[in-house]
Amino acid sequence: MSIEKNIIKPIKIRDLKIDDYETVLKWSKDDVFCSANGWPRNRTEEELYKWWIHCTNNEDHNFVRKGILVGRKLVGYVDLAFIKDCRAELGIAIGESNLWGKGIGTSAIQCMMKYASEKLGIFIFDAEIHEGNVRSRKLFESIGFKEISRIGTEEYLGIEDQLIQYTFQ
């Protein structure tokens, strides 16, 4: 079984490691990934490494980022942000754009929701997604997230795009 054949091994999440840097460096060179996830393009390797050290040493109690693994391969990350009481905002990024649409995101979000509920007591989840990011909207809606508002705009894939707010309770 392999990713390439559209058959996905079980998805796991884990803490990020400094050793993941080489994988993250590859993601940083994918213009589609960077544009879709708001990553600055053309970062120097030194800038990216400093940022990655910050990510792996995160001590912010209002933010959690976990790596997404398919088998033993790091393929992305999933976030909890704005953690307060029993609520947090979910976010996700799959690092290799050729892996988008293969079911990895759905499994990773479900893993993070389970982790958040069991380890952090979070039971209400929010998400903010660009209107043009149809794949991500479908992912969250398939899990049971409901659209609650359309407030604000932000650049997505080079154009100003409507933001849609979702919640799951």
# chains A, B, ... in the order shown; residues from 1 in each chain; ligands from 1
>>> residues_around(residues="A:Ile104", least_positions_apart="2", cutoff="10 Å", atoms="only C-alpha atoms", output="PyMOL selection string")
chain A and resi 3+8-12+68-70+75-76+94+99-102+106-109+139
>>> residues_around(residues="A:Ile122", least_positions_apart="4", cutoff="6 Å", atoms="only C-alpha atoms", output="number ranges by chain")
A: 86-87, 116-117
>>> closest_residue(among="A:Leu163, A:Gln169, A:Glu47, A:Gly103", to="A:Lys138", atoms="only C-alpha atoms")
A:Gly103
>>> closest_residue(among="A:Gly67, A:Gly95, A:Gly132, A:Gly105", to="A:Glu155", atoms="only C-alpha atoms")
A:Gly132
>>> closest_residue(among="A:Leu74, A:Tyr166, A:Tyr156, A:Ile143", to="A:Ser35", atoms="only C-alpha atoms")
A:Tyr156
>>> residues_around(residues="A:Asn62", least_positions_apart="5", cutoff="6 Å", atoms="only C-alpha atoms", output="list in words")
Ala81, Phe82 and Ile83 of chain A
>>> closest_residue(among="A:Gly158, A:Phe145, A:Ile53, A:Ser97", to="A:Lys29", atoms="only C-alpha atoms")
A:Ser97
>>> residues_around(residues="A:His130", least_positions_apart="4", cutoff="10 Å", atoms="only C-alpha atoms", output="ChimeraX atom specification")
/A:36,134,136-137,150,152-157,160-165
>>> write_last_selection(atoms="C-alpha atoms", output="PDB file, in the first residue's frame")
ATOM      1  CA  ALA A  36      -2.464  28.200  -0.277  1.00  0.00           C
ATOM      2  CA  VAL A 134     -13.507  24.214  -1.892  1.00  0.00           C
ATOM      3  CA  SER A 136     -10.981  22.283   2.593  1.00  0.00           C
ATOM      4  CA  ARG A 137     -14.582  23.442   2.964  1.00  0.00           C
ATOM      5  CA  ARG A 150     -18.895  35.063   6.297  1.00  0.00           C
ATOM      6  CA  GLY A 152     -13.663  39.292   6.340  1.00  0.00           C
ATOM      7  CA  THR A 153     -11.434  38.686   3.373  1.00  0.00           C
ATOM      8  CA  GLU A 154      -7.847  37.570   2.967  1.00  0.00           C
ATOM      9  CA  GLU A 155      -5.514  36.710   0.126  1.00  0.00           C
ATOM     10  CA  TYR A 156      -5.760  33.120  -1.070  1.00  0.00           C
ATOM     11  CA  LEU A 157      -3.857  31.829  -4.117  1.00  0.00           C
ATOM     12  CA  GLU A 160      -8.628  38.537  -2.238  1.00  0.00           C
ATOM     13  CA  ASP A 161     -11.084  35.891  -1.047  1.00  0.00           C
ATOM     14  CA  GLN A 162     -14.054  35.722   1.315  1.00  0.00           C
ATOM     15  CA  LEU A 163     -13.440  34.053   4.689  1.00  0.00           C
ATOM     16  CA  ILE A 164     -16.066  31.606   5.948  1.00  0.00           C
ATOM     17  CA  GLN A 165     -16.347  30.743   9.640  1.00  0.00           C
TER      18      GLN A 165
END
>>> atom_distance(atom1="atom CA of A:Ser142", atom2="atom CA of A:Gly38")
24.1 Å
>>> select_by_dssp(residues="chain A", states="strand (DSSP E or B)", output="ChimeraX atom specification")
/A:11-15,63-70,73-84,87-94,124-130,146-149,153-156,159-168
>>> residues_around(residues="A:Trp27", least_positions_apart="4", cutoff="7 Å", atoms="only C-alpha atoms", output="number ranges by chain")
A: 23, 33, 95-96
>>> atom_distance(atom1="atom CA of A:Lys73", atom2="atom CA of A:Met113")
20.9 Å
>>> atom_distance(atom1="atom CA of A:Phe123", atom2="atom CA of A:Ala88")
8.3 Å
>>> residues_around(residues="A:Trp52", least_positions_apart="3", cutoff="12 Å", atoms="only C-alpha atoms", output="MDAnalysis selection string")
chainID A and resid 16:25 28 45:49 55:58 65
